[in-house]
Structure formats: C-alpha cells, structure tokens
>>> print(open('entry.cif').read())   # mmCIF, C-alpha atoms
data_upload
loop_
_atom_site.label_atom_id
_atom_site.label_comp_id
_atom_site.auth_asym_id
_atom_site.auth_seq_id
_atom_site.Cartn_x
_atom_site.Cartn_y
_atom_site.Cartn_z
CA MET A 30 62.73 74.87 94.17
CA LYS A 31 65.99 75.52 92.30
CA GLY A 32 67.69 76.57 95.55
CA HIS A 33 66.60 73.34 97.24
CA ILE A 34 68.08 71.26 94.41
CA ARG A 35 71.43 73.11 94.61
CA LEU A 36 71.58 72.70 98.40
CA SER A 37 70.79 68.98 98.20
CA ALA A 38 73.55 68.51 95.65
CA VAL A 39 76.06 70.27 97.89
CA LEU A 40 75.09 68.15 100.89
CA LEU A 41 75.58 65.03 98.77
CA LEU A 42 79.13 66.13 98.02
CA ALA A 43 79.98 66.54 101.70
CA GLY A 44 79.89 62.81 102.28
CA ILE A 45 81.94 62.17 99.11
CA LEU A 46 84.79 64.47 100.13
CA LEU A 47 84.88 63.62 103.80
CA SER A 48 84.68 59.85 103.33
CA GLY A 49 88.45 59.85 102.81
CA CYS A 50 89.13 61.36 106.24
CA SER A 51 89.59 58.26 108.40
CA PHE A 52 92.07 57.36 111.08
CA PRO A 53 93.54 53.82 111.21
CA PHE A 54 93.38 53.20 114.95
CA PHE A 55 95.21 50.16 116.28
CA GLN A 56 93.07 47.05 116.57
CA GLY A 57 94.40 43.76 117.90
CA PRO A 58 97.91 42.26 117.63
CA ALA A 59 98.53 43.37 114.04
CA GLY A 60 101.90 44.96 114.76
CA PRO A 61 102.82 48.63 114.72
CA GLN A 62 100.87 51.05 112.53
CA ALA A 63 101.64 54.57 111.30
CA TRP A 64 99.65 57.27 109.54
CA ILE A 65 99.83 60.93 108.58
CA ASP A 66 97.20 63.24 110.06
CA ALA A 67 98.31 66.45 108.31
CA PRO A 68 98.71 67.61 105.62
CA LEU A 69 95.98 65.98 103.56
CA ASP A 70 96.87 63.83 100.56
CA HIS A 71 97.35 65.90 97.36
CA SER A 72 97.46 69.19 99.26
CA VAL A 73 99.14 72.19 97.59
CA PHE A 74 101.37 74.57 99.58
CA PRO A 75 103.52 77.59 98.70
CA LEU A 76 107.26 77.07 99.04
CA GLY A 77 108.07 77.35 102.75
CA PRO A 78 107.75 75.42 106.02
CA VAL A 79 105.01 72.76 106.17
CA GLN A 80 103.93 71.15 109.45
CA VAL A 81 103.57 67.37 109.29
CA VAL A 82 101.62 65.58 112.03
CA SER A 83 102.10 61.80 112.13
CA HIS A 84 101.08 59.03 114.48
CA GLY A 85 102.31 55.58 115.48
CA ALA A 86 100.38 52.95 117.45
CA ASP A 87 101.24 49.56 118.94
CA GLN A 88 100.16 47.65 122.06
CA THR A 89 103.79 47.10 123.12
CA GLY A 90 104.63 50.80 122.82
CA ILE A 91 106.13 53.00 120.09
CA ALA A 92 109.86 53.75 120.23
CA GLN A 93 110.13 56.20 117.32
CA ILE A 94 108.43 57.60 114.23
CA GLU A 95 110.39 58.16 111.01
CA LEU A 96 109.28 60.70 108.38
CA SER A 97 110.82 61.04 104.91
CA ALA A 98 110.20 63.17 101.81
CA ASN A 99 111.10 61.61 98.45
CA GLY A 100 113.23 59.07 100.31
CA VAL A 101 115.17 61.62 102.43
CA VAL A 102 114.62 61.13 106.17
CA ILE A 103 113.57 64.29 108.03
CA PRO A 104 114.96 64.14 111.59
CA PRO A 105 112.59 65.46 114.26
CA VAL A 106 113.67 68.37 116.44
CA SER A 107 112.70 66.26 119.45
CA GLN A 108 111.39 62.70 119.66
CA PRO A 109 108.39 62.12 121.95
CA GLY A 110 109.14 59.81 124.88
CA GLY A 111 109.11 56.15 123.85
CA GLY A 112 106.88 53.42 125.23
CA GLN A 113 103.53 55.06 124.49
CA SER A 114 100.95 52.83 122.83
CA LEU A 115 99.89 55.86 120.74
CA MET A 116 102.53 58.45 119.81
CA THR A 117 101.94 61.78 118.05
CA GLN A 118 104.85 63.55 116.38
CA LYS A 119 104.82 67.07 114.90
CA GLN A 120 107.63 68.08 112.54
CA THR A 121 108.38 71.09 110.39
CA TRP A 122 109.37 70.08 106.87
CA ASN A 123 111.21 72.64 104.71
CA PRO A 124 111.07 71.56 101.04
CA GLU A 125 114.03 72.91 99.07
CA ALA A 126 112.25 73.57 95.77
CA PRO A 127 108.80 73.49 94.14
CA GLY A 128 107.62 70.13 92.87
CA GLU A 129 105.79 66.94 93.77
CA TYR A 130 106.85 65.18 96.97
CA ARG A 131 105.92 61.82 98.45
CA LEU A 132 105.81 61.95 102.24
CA ARG A 133 106.24 58.57 103.94
CA VAL A 134 106.01 57.71 107.62
CA ARG A 135 106.64 54.51 109.56
CA ALA A 136 106.75 53.65 113.27
CA GLN A 137 109.01 51.31 115.24
CA ASN A 138 107.67 49.55 118.30
CA SER A 139 109.54 48.80 121.52
CA ALA A 140 110.56 45.37 120.20
CA GLY A 141 112.29 46.91 117.16
CA ALA A 142 109.66 45.97 114.55
CA TRP A 143 108.77 48.56 111.91
CA SER A 144 105.28 49.28 110.63
CA PRO A 145 104.44 49.41 106.91
CA PHE A 146 104.94 52.83 105.32
CA ALA A 147 101.99 55.22 105.12
CA SER A 148 102.40 57.72 102.31
CA GLU A 149 100.76 60.66 100.57
CA ILE A 150 101.53 63.16 97.82
CA VAL A 151 102.09 66.89 98.50
CA PHE A 152 102.61 69.58 95.86
CA ILE A 153 104.87 72.59 96.54
CA ARG A 154 104.55 75.58 94.24
CA GLY A 155 106.94 78.48 93.87
CA ASN A 156 104.72 81.52 93.38
CA ALA A 157 102.36 82.29 96.25
CA ALA A 158 100.06 84.23 93.92
CA THR A 159 99.50 81.35 91.50
CA VAL A 160 97.28 78.36 92.21
CA THR A 161 98.43 75.14 90.56
CA PRO A 162 95.43 73.00 89.58
CA VAL A 163 95.38 69.26 89.06
CA PHE A 164 93.29 69.60 85.92
CA SER A 165 94.73 71.20 82.81
CA PRO A 166 93.00 74.45 81.96
CA THR A 167 91.08 74.80 78.74
CA PRO A 168 93.78 75.18 76.07
CA THR A 169 94.29 78.62 74.61
CA LEU A 170 93.67 78.47 70.89
CA SER A 171 96.16 80.16 68.64
CA PRO A 172 94.74 82.89 66.37
CA THR A 173 93.40 81.49 63.13
CA PRO A 174 96.06 82.13 60.49
CA THR A 175 95.21 84.29 57.52
CA LEU A 176 95.27 82.08 54.44
CA THR A 177 96.30 83.32 51.03
CA PRO A 178 94.01 81.69 48.45
CA THR A 179 95.71 79.70 45.72
CA ALA A 180 94.28 78.30 42.52
CA SER A 181 93.40 74.66 42.97
CA PRO A 182 90.73 73.39 40.60
CA THR A 183 90.26 70.08 42.44
CA GLY A 184 91.09 71.14 46.00
CA THR A 185 88.80 69.93 48.76
CA PRO A 186 88.83 71.74 52.12
CA THR A 187 90.32 69.65 54.93
CA VAL A 188 88.19 69.61 58.07
CA THR A 189 90.08 69.15 61.34
CA PRO A 190 87.85 67.39 63.91
CA THR A 191 87.34 69.18 67.18
CA GLY A 192 88.80 67.35 70.22
CA ALA A 193 86.46 65.75 72.70
CA VAL A 194 85.45 67.93 75.64
CA THR A 195 86.75 66.37 78.85
CA GLY A 196 85.91 69.12 81.33
CA GLY A 197 87.99 70.55 84.13
CA VAL A 198 88.11 73.03 86.98
CA THR A 199 90.75 75.61 87.80
CA VAL A 200 91.09 78.43 90.29
CA GLU A 201 91.23 81.58 88.21
CA ARG A 202 91.72 84.14 90.96
CA ILE A 203 91.84 84.69 94.72
CA SER A 204 91.38 88.28 95.87
CA ASP A 205 93.88 88.00 98.76
CA ASP A 206 96.28 85.34 100.00
CA ALA A 207 96.30 86.84 103.53
CA ILE A 208 93.05 87.79 105.29
CA TYR A 209 91.92 88.43 108.87
CA ALA A 210 89.26 87.17 111.25
CA GLY A 211 87.71 89.35 113.96
CA LYS A 212 87.93 93.13 113.82
CA PRO A 213 88.12 94.99 110.47
CA SER A 214 91.01 97.22 111.57
CA CYS A 215 93.81 94.82 110.56
CA GLY A 216 92.97 94.23 106.91
CA PRO A 217 90.56 92.40 104.58
CA LEU A 218 88.07 90.14 106.36
CA GLN A 219 87.05 88.11 103.34
CA VAL A 220 88.47 86.41 100.28
CA THR A 221 86.80 86.05 96.89
CA ILE A 222 87.55 82.79 95.10
CA VAL A 223 86.81 82.58 91.38
CA ALA A 224 86.91 79.25 89.55
CA ARG A 225 86.44 78.19 85.94
CA ALA A 226 84.53 74.93 85.49
CA THR A 227 83.46 72.92 82.45
CA ALA A 228 81.89 69.47 82.30
CA PRO A 229 80.90 67.34 79.30
CA LYS A 230 77.71 66.08 80.98
CA GLY A 231 76.53 69.46 82.24
CA ILE A 232 76.96 71.00 85.69
CA THR A 233 74.51 70.59 88.57
CA VAL A 234 76.58 72.52 91.10
CA VAL A 235 80.13 73.78 91.66
CA ALA A 236 80.85 73.37 95.38
CA LEU A 237 83.54 74.93 97.54
CA PHE A 238 84.71 72.71 100.43
CA TYR A 239 86.76 74.57 103.05
CA ARG A 240 88.17 74.36 106.56
CA PHE A 241 90.52 76.38 108.79
CA GLN A 242 93.62 74.36 109.70
CA TYR A 243 95.33 75.09 113.03
CA ASP A 244 96.37 73.17 116.15
CA GLY A 245 93.29 71.49 117.57
CA ALA A 246 91.13 72.30 114.53
CA PRO A 247 88.16 70.04 113.69
CA LYS A 248 88.92 67.64 110.85
CA GLY A 249 85.72 68.09 108.84
CA PHE A 250 85.08 70.36 105.88
CA ASP A 251 82.22 72.81 105.47
CA ASN A 252 80.80 73.42 102.02
CA ALA A 253 78.88 75.96 99.98
CA ALA A 254 77.60 76.27 96.43
CA MET A 255 79.59 78.72 94.32
CA ASN A 256 77.61 81.32 92.37
CA PRO A 257 77.73 81.38 88.54
CA ILE A 258 78.88 84.80 87.31
CA GLY A 259 78.81 84.26 83.56
CA GLY A 260 80.50 82.03 81.04
CA ASP A 261 82.30 79.17 82.78
CA LEU A 262 83.11 81.25 85.89
CA TYR A 263 81.88 80.63 89.44
CA GLN A 264 82.53 82.76 92.51
CA TYR A 265 82.25 82.53 96.29
CA VAL A 266 83.04 85.16 98.95
CA LEU A 267 84.23 83.58 102.20
CA ASN A 268 84.26 85.58 105.44
CA PRO A 269 85.95 83.67 108.32
CA THR A 270 84.47 85.97 110.97
CA SER A 271 80.92 85.21 109.83
CA VAL A 272 81.63 81.48 109.55
CA LEU A 273 83.43 81.01 112.88
CA GLY A 274 81.81 83.57 115.18
CA SER A 275 84.46 83.54 117.93
CA ILE A 276 88.04 83.20 116.67
CA PRO A 277 89.76 80.05 118.05
CA PHE A 278 93.26 80.66 116.61
CA ASP A 279 96.02 83.24 116.30
CA GLN A 280 96.81 82.09 112.78
CA ALA A 281 95.34 79.42 110.51
CA THR A 282 95.56 78.18 106.94
CA LEU A 283 92.44 78.15 104.82
CA GLN A 284 92.32 74.78 103.07
CA TYR A 285 89.82 74.44 100.25
CA GLN A 286 88.83 72.28 97.31
CA ILE A 287 86.45 72.93 94.42
CA VAL A 288 84.32 70.00 93.25
CA VAL A 289 82.12 69.89 90.15
CA GLN A 290 79.03 67.69 90.24
CA GLN A 291 77.82 66.77 86.78
CA LYS A 292 74.17 66.16 85.98
CA ASP A 293 74.65 62.39 86.14
CA GLY A 294 76.05 62.69 89.69
CA ASP A 295 79.74 62.30 88.73
CA THR A 296 82.11 64.28 91.00
CA SER A 297 85.49 63.29 89.55
CA ILE A 298 86.23 66.82 88.30
CA ARG A 299 87.90 68.60 91.22
CA THR A 300 90.95 70.58 92.26
CA PRO A 301 93.42 69.28 94.82
CA VAL A 302 93.06 70.50 98.39
CA LEU A 303 94.71 73.93 98.22
CA ALA A 304 96.38 75.66 101.17
CA ASP A 305 97.55 79.03 99.87
CA ILE A 306 95.48 81.47 101.98
CA SER A 307 96.52 82.47 105.51
CA VAL A 308 94.06 83.74 108.11
CA GLN A 309 95.29 85.92 111.00
CA ALA A 310 93.27 86.81 114.10
CA CYS A 311 92.53 90.49 114.64
CA GLY A 312 91.34 91.02 118.18
CA PRO A 313 90.80 88.62 121.12
CA VAL A 314 91.17 84.90 120.52
CA ALA A 315 88.76 82.44 122.15
CA PRO A 316 90.32 79.86 124.51
CA ALA A 317 91.39 76.69 122.72
CA PRO A 318 89.42 73.53 123.55
CA SER A 319 90.94 71.35 126.28
CA CYS A 320 91.74 67.67 125.71
CA LEU A 321 89.34 66.93 128.58
CA ASP A 322 86.50 68.26 126.42
CA TYR A 323 86.69 65.22 124.09
CA THR A 324 84.84 62.11 125.26
CA ASP A 325 85.51 59.65 122.43
CA LYS A 326 88.78 58.16 121.15
CA ARG A 327 88.42 59.39 117.56
CA SER A 328 87.95 63.06 118.52
CA CYS A 329 90.62 62.81 121.21
CA VAL A 330 93.35 61.43 118.95
CA ALA A 331 92.32 63.58 115.97
CA HIS A 332 92.97 66.71 118.06
CA GLY A 333 96.45 65.60 119.13
CA CYS A 334 95.42 64.40 122.59
CA LYS A 335 96.11 61.08 124.34
CA TRP A 336 93.41 58.47 125.02
CA VAL A 337 94.36 57.13 128.49
CA PRO A 338 92.81 54.10 130.23
CA GLY A 339 91.60 54.48 133.81
CA THR A 340 92.79 52.48 136.81
CA GLY A 341 89.44 51.22 138.10
CA ILE A 342 87.87 47.79 137.72
CA VAL A 343 85.58 49.06 134.96
CA ALA A 344 87.47 49.95 131.77
CA THR A 345 87.12 53.72 131.45
CA TYR A 346 89.13 56.18 129.37
CA THR A 347 89.81 59.90 129.52
CA CYS A 348 91.27 62.28 126.98
CA GLN A 349 94.41 63.98 128.29
CA ASN A 350 97.16 66.27 127.07
CA PRO A 351 99.91 64.35 125.19
#
>>> encode(input="entry.cif", output="structure tokens")
Amino acid sequence: MKGHIRLSAVLLLAGILLSGCSFPFFQGPAGPQAWIDAPLDHSVFPLGPVQVVSHGADQTGIAQIELSANGVVIPPVSQPGGGQSLMTQKQTWNPEAPGEYRLRVRAQNSAGAWSPFASEIVFIRGNAATVTPVFSPTPTLSPTPTLTPTASPTGTPTVTPTGAVTGGVTVERISDDAIYAGKPSCGPLQVTIVARATAPKGITVVALFYRFQYDGAPKGFDNAAMNPIGGDLYQYVLNPTSVLGSIPFDQATLQYQIVVQQKDGDTSIRTPVLADISVQACGPVAPAPSCLDYTDKRSCVAHGCKWVPGTGIVATYTCQNP
C-alpha cells in the first residue's frame, strides 16, 4: 500500500511540472508573436556554449528574430529565410561569465512590426562539479562557544529562540557529470543523484523529474520517486540505457529537477531545472524521427519542423523539414 501512495504522489507531480510547458501558437490577427523553446525558464548550465531555440509567428510572414541576453543582442550565424508564417531560429549563446541572465526574444513581421518580448531567466555557474540550487541549504551552525562561568548572583540565562523551519532541497552530489548510453565499454552507464530535502509540513515524496535534451527530443519529463537513504538524504540511480532502450542521439544533456511534495500537497519546494550532466552514445544510434512522422501541429512545431498547408480544396496540413 505504501508503494501505491508514493507512486500516486509522483504521478500527481507530473502534471504540476509539465503544465508550464506550453507553446503560444499564432491565433488570429493579433500581430507577430515570439517565444523561446529552449532552454527552459530557470535552467542552470555550466559556463560554456548554450543552444537557444526561438520561434516567431505571424500570418503576414516573419522577417527576422532578435535574441538578446541582459540587453545585449546576440547576432545569429545565419538568419532563416524571411516570409515564413512560422520561423524557427537556433543560435549558440556564449555567456562570458557565471551569473544570472535574462534571455529575451522578439520577432519582426514582413510589415516591419515587432512582437512583444518573450523572456526567461537562465543561470550560468562556473564550476561544472558544483550544482547551484535555488533554495538556500540548511545553514551550518557554528560550534557552540565554551563559556567561562562568572559570578552573577542575579543573572538569568538568555534563551535565543530557534528560527522557523522553512524547508528546502539541494543537490548534494552527482556521481558523474559525463555518462554514456548503450554499450558499457565507453564509461559509466548511470549517474547517482543525491539530494537533501527538508519540509516544515512533512514529506510525502521527493520526486526526480528528468528528460534527455537533444535535437528532436520529446518535450515532456519523466519522473521517479527518490529513495530515502537516511537523515534528510534521498537518492536515485538513473540509467539512460534502461530508460531509453534504443539510443536516439549522439550526445544529449540530462535535464532534471527535484520536487518535494509535502503532506498537505504543497510542491513549492523544488530545485531549478538543472542541466549539468552530459550523455554520450556508445554504440549504434537509432535513426532520428522524421518530420513526416508527426501528424499534429503541436508535435510538429515542438520538434523544429514546419507545419505546411496543402494545396487541395480541403484544408490539410503536413509536417515537413524546416
């Protein structure tokens, strides 16, 4: 019975995390629109190149997409051809230093009108072996000083009240920041993630949400309950080969987030979406899905493909390469 309760709690969290993953498709004559598909808002990356995938949409056609980081425009290596009603642009952003960055994107239509800015926050950290959490870790208490008693006939001990427990979750350790999928001959096939979690209302479950990010990757997250290992520590061992079966990428980034569900159902205690573990294929890679495999607009656009209207009398659409 306990296992069923834990699994139900994890499944509840899946809808909570994934409800934020929506795509603002163009509807009606509202003017140009723009949005960022990757990275996710409040993602954490080691210092180095970060791929940004943005989109612009307008019935009259999109002329260009402009991306900026903390107000500095990042010129694209090449601009997709103008005039498309839906344009996808992939850029490599090279942040100069660790810190917090606001990425903003806007799109200009063929008539010269600009869309409102779409924005998100991305954190860049300097040390690839250190995970930077959103929540402050439990403070380390200084050793209690040794007091020298003094004569005080009327002295009354002063009691310092203990601060209120607010709870938090941090990643304490990852066993490897580079693992493999496929054959065991290249290196470690699994990563152990250890987290420390506290909650003032008690913990029902500590859940690990994860996905493998690569070109054409599905947008959803999988999830699993982390195992308590004593004290405030929870652990999960993730094996990409077991999860994926066939390997659909040469290299991917493991994105993950740890969410604490308290006994009253609250899930506000969570880490950001972290992206500090790389996954490399070892052995044959399965063929990537074709754009023609997607039969609905949402899946088509989410995988970087182009939703193209047909030429017949009946309005039909097909998903094609961009």
>>> closest_residue(input="entry.cif", among="A:Leu267, A:Ala140, A:Ala236, A:Ile306", to="Ala281 (chain A)", atoms="only C-alpha atoms")
A:Ile306
>>> atom_distance(input="entry.cif", atom1="CA of Ala67 (chain A)", atom2="CA of Val200 (chain A)")
22.8 Å
>>> residues_around(input="entry.cif", residues="Val302 (chain A)", least_positions_apart="3", cutoff="7 Å", atoms="all atoms listed in the file", output="count of residues only")
6
>>> resolve_selection(input="entry.cif", expression="the PyMOL selection byres ((chain A and resi 212-223) around 10)", output="PDB file with C-alpha atoms, in the coordinates of the input")
ATOM      1  CA  THR A 199      90.750  75.610  87.800  1.00  0.00           C
ATOM      2  CA  VAL A 200      91.090  78.430  90.290  1.00  0.00           C
ATOM      3  CA  GLU A 201      91.230  81.580  88.210  1.00  0.00           C
ATOM      4  CA  ARG A 202      91.720  84.140  90.960  1.00  0.00           C
ATOM      5  CA  ILE A 203      91.840  84.690  94.720  1.00  0.00           C
ATOM      6  CA  SER A 204      91.380  88.280  95.870  1.00  0.00           C
ATOM      7  CA  ASP A 205      93.880  88.000  98.760  1.00  0.00           C
ATOM      8  CA  ASP A 206      96.280  85.340 100.000  1.00  0.00           C
ATOM      9  CA  ALA A 207      96.300  86.840 103.530  1.00  0.00           C
ATOM     10  CA  ILE A 208      93.050  87.790 105.290  1.00  0.00           C
ATOM     11  CA  TYR A 209      91.920  88.430 108.870  1.00  0.00           C
ATOM     12  CA  ALA A 210      89.260  87.170 111.250  1.00  0.00           C
ATOM     13  CA  GLY A 211      87.710  89.350 113.960  1.00  0.00           C
ATOM     14  CA  ALA A 224      86.910  79.250  89.550  1.00  0.00           C
ATOM     15  CA  ARG A 225      86.440  78.190  85.940  1.00  0.00           C
ATOM     16  CA  ALA A 226      84.530  74.930  85.490  1.00  0.00           C
ATOM     17  CA  LEU A 237      83.540  74.930  97.540  1.00  0.00           C
ATOM     18  CA  MET A 255      79.590  78.720  94.320  1.00  0.00           C
ATOM     19  CA  ASN A 256      77.610  81.320  92.370  1.00  0.00           C
ATOM     20  CA  PRO A 257      77.730  81.380  88.540  1.00  0.00           C
ATOM     21  CA  ILE A 258      78.880  84.800  87.310  1.00  0.00           C
ATOM     22  CA  LEU A 262      83.110  81.250  85.890  1.00  0.00           C
ATOM     23  CA  TYR A 263      81.880  80.630  89.440  1.00  0.00           C
ATOM     24  CA  GLN A 264      82.530  82.760  92.510  1.00  0.00           C
ATOM     25  CA  TYR A 265      82.250  82.530  96.290  1.00  0.00           C
ATOM     26  CA  VAL A 266      83.040  85.160  98.950  1.00  0.00           C
ATOM     27  CA  LEU A 267      84.230  83.580 102.200  1.00  0.00           C
ATOM     28  CA  ASN A 268      84.260  85.580 105.440  1.00  0.00           C
ATOM     29  CA  PRO A 269      85.950  83.670 108.320  1.00  0.00           C
ATOM     30  CA  THR A 270      84.470  85.970 110.970  1.00  0.00           C
ATOM     31  CA  SER A 271      80.920  85.210 109.830  1.00  0.00           C
ATOM     32  CA  ILE A 287      86.450  72.930  94.420  1.00  0.00           C
ATOM     33  CA  ILE A 306      95.480  81.470 101.980  1.00  0.00           C
ATOM     34  CA  VAL A 308      94.060  83.740 108.110  1.00  0.00           C
ATOM     35  CA  GLN A 309      95.290  85.920 111.000  1.00  0.00           C
ATOM     36  CA  ALA A 310      93.270  86.810 114.100  1.00  0.00           C
ATOM     37  CA  CYS A 311      92.530  90.490 114.640  1.00  0.00           C
ATOM     38  CA  GLY A 312      91.340  91.020 118.180  1.00  0.00           C
ATOM     39  CA  PRO A 313      90.800  88.620 121.120  1.00  0.00           C
TER      40      PRO A 313
END
>>> closest_residue(input="entry.cif", among="A:Gln113, A:Ser107, A:Thr121, A:Ser297", to="Val198 (chain A)", atoms="all atoms listed in the file")
A:Ser297
>>> closest_residue(input="entry.cif", among="A:Arg135, A:Met116, A:Ala228, A:Pro127", to="Asp261 (chain A)", atoms="all atoms listed in the file")
A:Ala228
>>> atom_distance(input="entry.cif", atom1="CA of Ala304 (chain A)", atom2="CA of Lys230 (chain A)")
29.1 Å
>>> resolve_selection(input="entry.cif", expression="the PyMOL selection byres ((chain A and resi 62) around 6)", output="list in words")
Pro61, Ala63, Gly85, Ala86 and Ser144 of chain A
>>> closest_residue(input="entry.cif", among="A:Pro124, A:Asp305, A:Val234, A:Ala92", to="Ala253 (chain A)", atoms="all atoms listed in the file")
A:Val234
>>> residues_near_point(input="entry.cif", point="(88.6, 71.5, 106.6)", cutoff="7 Å", atoms="all atoms listed in the file", output="PyMOL selection string")
chain A and resi 239-242+248-251+284
>>> atom_distance(input="entry.cif", atom1="CA of Gly196 (chain A)", atom2="CA of Lys292 (chain A)")
13.0 Å
>>> resolve_selection(input="entry.cif", expression="the PyMOL selection byres ((chain A and resi 149) around 6)", output="list in words")
Asp70, Arg131, Leu132, Ser148 and Ile150 of chain A
>>> write_last_selection(input="entry.cif", atoms="C-alpha atoms", output="PDB file, keeping the file's coordinate frame")
ATOM      1  CA  ASP A  70      96.870  63.830 100.560  1.00  0.00           C
ATOM      2  CA  ARG A 131     105.920  61.820  98.450  1.00  0.00           C
ATOM      3  CA  LEU A 132     105.810  61.950 102.240  1.00  0.00           C
ATOM      4  CA  SER A 148     102.400  57.720 102.310  1.00  0.00           C
ATOM      5  CA  ILE A 150     101.530  63.160  97.820  1.00  0.00           C
TER       6      ILE A 150
END
>>> closest_residue(input="entry.cif", among="A:Thr117, A:Asn99, A:Gln88, A:Ser139", to="Val330 (chain A)", atoms="all atoms listed in the file")
A:Thr117
>>> closest_residue(input="entry.cif", among="A:Cys329, A:Ile91, A:Ala147, A:Val79", to="Ile65 (chain A)", atoms="only C-alpha atoms")
A:Ala147
>>> residues_around(input="entry.cif", residues="Tyr346 (chain A)", least_positions_apart="3", cutoff="7 Å", atoms="all atoms listed in the file", output="PDB file with C-alpha atoms, in the frame of the given file")
ATOM      1  CA  TRP A 336      93.410  58.470 125.020  1.00  0.00           C
ATOM      2  CA  VAL A 337      94.360  57.130 128.490  1.00  0.00           C
ATOM      3  CA  PRO A 338      92.810  54.100 130.230  1.00  0.00           C
ATOM      4  CA  GLY A 339      91.600  54.480 133.810  1.00  0.00           C
TER       5      GLY A 339
END
>>> residues_near_point(input="entry.cif", point="(103.4, 68.5, 109.6)", cutoff="8 Å", atoms="all atoms listed in the file", output="PyMOL selection string")
chain A and resi 67-68+79-83+119-122
>>> decode(input="entry.cif", residues="region 135-158 of chain A", atoms="N, CA and C atoms", output="PDB file, in the first residue's frame")
ATOM      1  N   ARG A 135      12.287  38.591 -29.624  1.00  0.00           N
ATOM      2  CA  ARG A 135      11.156  39.217 -30.282  1.00  0.00           C
ATOM      3  C   ARG A 135      11.265  38.936 -31.774  1.00  0.00           C
ATOM      4  N   ALA A 136      10.140  39.045 -32.482  1.00  0.00           N
ATOM      5  CA  ALA A 136      10.095  38.746 -33.907  1.00  0.00           C
ATOM      6  C   ALA A 136       9.510  39.939 -34.657  1.00  0.00           C
ATOM      7  N   GLN A 137      10.034  40.176 -35.847  1.00  0.00           N
ATOM      8  CA  GLN A 137       9.541  41.255 -36.711  1.00  0.00           C
ATOM      9  C   GLN A 137       8.854  40.640 -37.925  1.00  0.00           C
ATOM     10  N   ASN A 138       7.644  41.116 -38.215  1.00  0.00           N
ATOM     11  CA  ASN A 138       6.946  40.560 -39.365  1.00  0.00           C
ATOM     12  C   ASN A 138       7.344  41.278 -40.650  1.00  0.00           C
ATOM     13  N   SER A 139       6.785  40.848 -41.763  1.00  0.00           N
ATOM     14  CA  SER A 139       7.176  41.382 -43.066  1.00  0.00           C
ATOM     15  C   SER A 139       6.800  42.848 -43.237  1.00  0.00           C
ATOM     16  N   ALA A 140       5.836  43.324 -42.418  1.00  0.00           N
ATOM     17  CA  ALA A 140       5.432  44.729 -42.488  1.00  0.00           C
ATOM     18  C   ALA A 140       6.272  45.621 -41.591  1.00  0.00           C
ATOM     19  N   GLY A 141       7.238  45.044 -40.853  1.00  0.00           N
ATOM     20  CA  GLY A 141       8.117  45.833 -40.000  1.00  0.00           C
ATOM     21  C   GLY A 141       7.672  45.933 -38.559  1.00  0.00           C
ATOM     22  N   ALA A 142       6.545  45.328 -38.195  1.00  0.00           N
ATOM     23  CA  ALA A 142       6.052  45.401 -36.815  1.00  0.00           C
ATOM     24  C   ALA A 142       6.758  44.360 -35.950  1.00  0.00           C
ATOM     25  N   TRP A 143       7.093  44.773 -34.718  1.00  0.00           N
ATOM     26  CA  TRP A 143       7.764  43.881 -33.778  1.00  0.00           C
ATOM     27  C   TRP A 143       6.749  43.265 -32.818  1.00  0.00           C
ATOM     28  N   SER A 144       7.023  42.044 -32.416  1.00  0.00           N
ATOM     29  CA  SER A 144       6.210  41.372 -31.405  1.00  0.00           C
ATOM     30  C   SER A 144       6.614  41.844 -30.011  1.00  0.00           C
ATOM     31  N   PRO A 145       5.789  41.604 -28.995  1.00  0.00           N
ATOM     32  CA  PRO A 145       6.248  41.812 -27.616  1.00  0.00           C
ATOM     33  C   PRO A 145       7.418  40.870 -27.314  1.00  0.00           C
ATOM     34  N   PHE A 146       8.237  41.258 -26.325  1.00  0.00           N
ATOM     35  CA  PHE A 146       9.348  40.402 -25.915  1.00  0.00           C
ATOM     36  C   PHE A 146       8.828  39.187 -25.148  1.00  0.00           C
ATOM     37  N   ALA A 147       9.403  38.040 -25.410  1.00  0.00           N
ATOM     38  CA  ALA A 147       9.253  36.851 -24.562  1.00  0.00           C
ATOM     39  C   ALA A 147      10.568  36.683 -23.823  1.00  0.00           C
ATOM     40  N   SER A 148      10.526  36.387 -22.554  1.00  0.00           N
ATOM     41  CA  SER A 148      11.769  36.341 -21.786  1.00  0.00           C
ATOM     42  C   SER A 148      11.766  35.181 -20.805  1.00  0.00           C
ATOM     43  N   GLU A 149      12.965  34.813 -20.364  1.00  0.00           N
ATOM     44  CA  GLU A 149      13.137  33.809 -19.327  1.00  0.00           C
ATOM     45  C   GLU A 149      14.486  34.014 -18.660  1.00  0.00           C
ATOM     46  N   ILE A 150      14.648  33.419 -17.489  1.00  0.00           N
ATOM     47  CA  ILE A 150      15.882  33.533 -16.708  1.00  0.00           C
ATOM     48  C   ILE A 150      16.702  32.252 -16.880  1.00  0.00           C
ATOM     49  N   VAL A 151      18.023  32.415 -17.068  1.00  0.00           N
ATOM     50  CA  VAL A 151      18.947  31.278 -17.149  1.00  0.00           C
ATOM     51  C   VAL A 151      20.113  31.559 -16.213  1.00  0.00           C
ATOM     52  N   PHE A 152      20.519  30.545 -15.456  1.00  0.00           N
ATOM     53  CA  PHE A 152      21.648  30.672 -14.531  1.00  0.00           C
ATOM     54  C   PHE A 152      22.865  29.969 -15.125  1.00  0.00           C
ATOM     55  N   ILE A 153      24.011  30.643 -15.094  1.00  0.00           N
ATOM     56  CA  ILE A 153      25.279  30.075 -15.570  1.00  0.00           C
ATOM     57  C   ILE A 153      26.204  29.968 -14.372  1.00  0.00           C
ATOM     58  N   ARG A 154      26.711  28.777 -14.131  1.00  0.00           N
ATOM     59  CA  ARG A 154      27.622  28.587 -12.995  1.00  0.00           C
ATOM     60  C   ARG A 154      29.028  28.306 -13.512  1.00  0.00           C
ATOM     61  N   GLY A 155      30.012  28.548 -12.650  1.00  0.00           N
ATOM     62  CA  GLY A 155      31.395  28.472 -13.088  1.00  0.00           C
ATOM     63  C   GLY A 155      32.046  27.130 -12.924  1.00  0.00           C
ATOM     64  N   ASN A 156      31.640  26.347 -11.917  1.00  0.00           N
ATOM     65  CA  ASN A 156      32.296  25.087 -11.624  1.00  0.00           C
ATOM     66  C   ASN A 156      31.391  23.944 -12.029  1.00  0.00           C
ATOM     67  N   ALA A 157      31.819  23.153 -13.005  1.00  0.00           N
ATOM     68  CA  ALA A 157      30.965  22.081 -13.520  1.00  0.00           C
ATOM     69  C   ALA A 157      30.683  21.009 -12.497  1.00  0.00           C
ATOM     70  N   ALA A 158      31.453  20.951 -11.404  1.00  0.00           N
ATOM     71  CA  ALA A 158      31.244  19.910 -10.408  1.00  0.00           C
ATOM     72  C   ALA A 158      30.325  20.358  -9.286  1.00  0.00           C
TER      73      ALA A 158
END
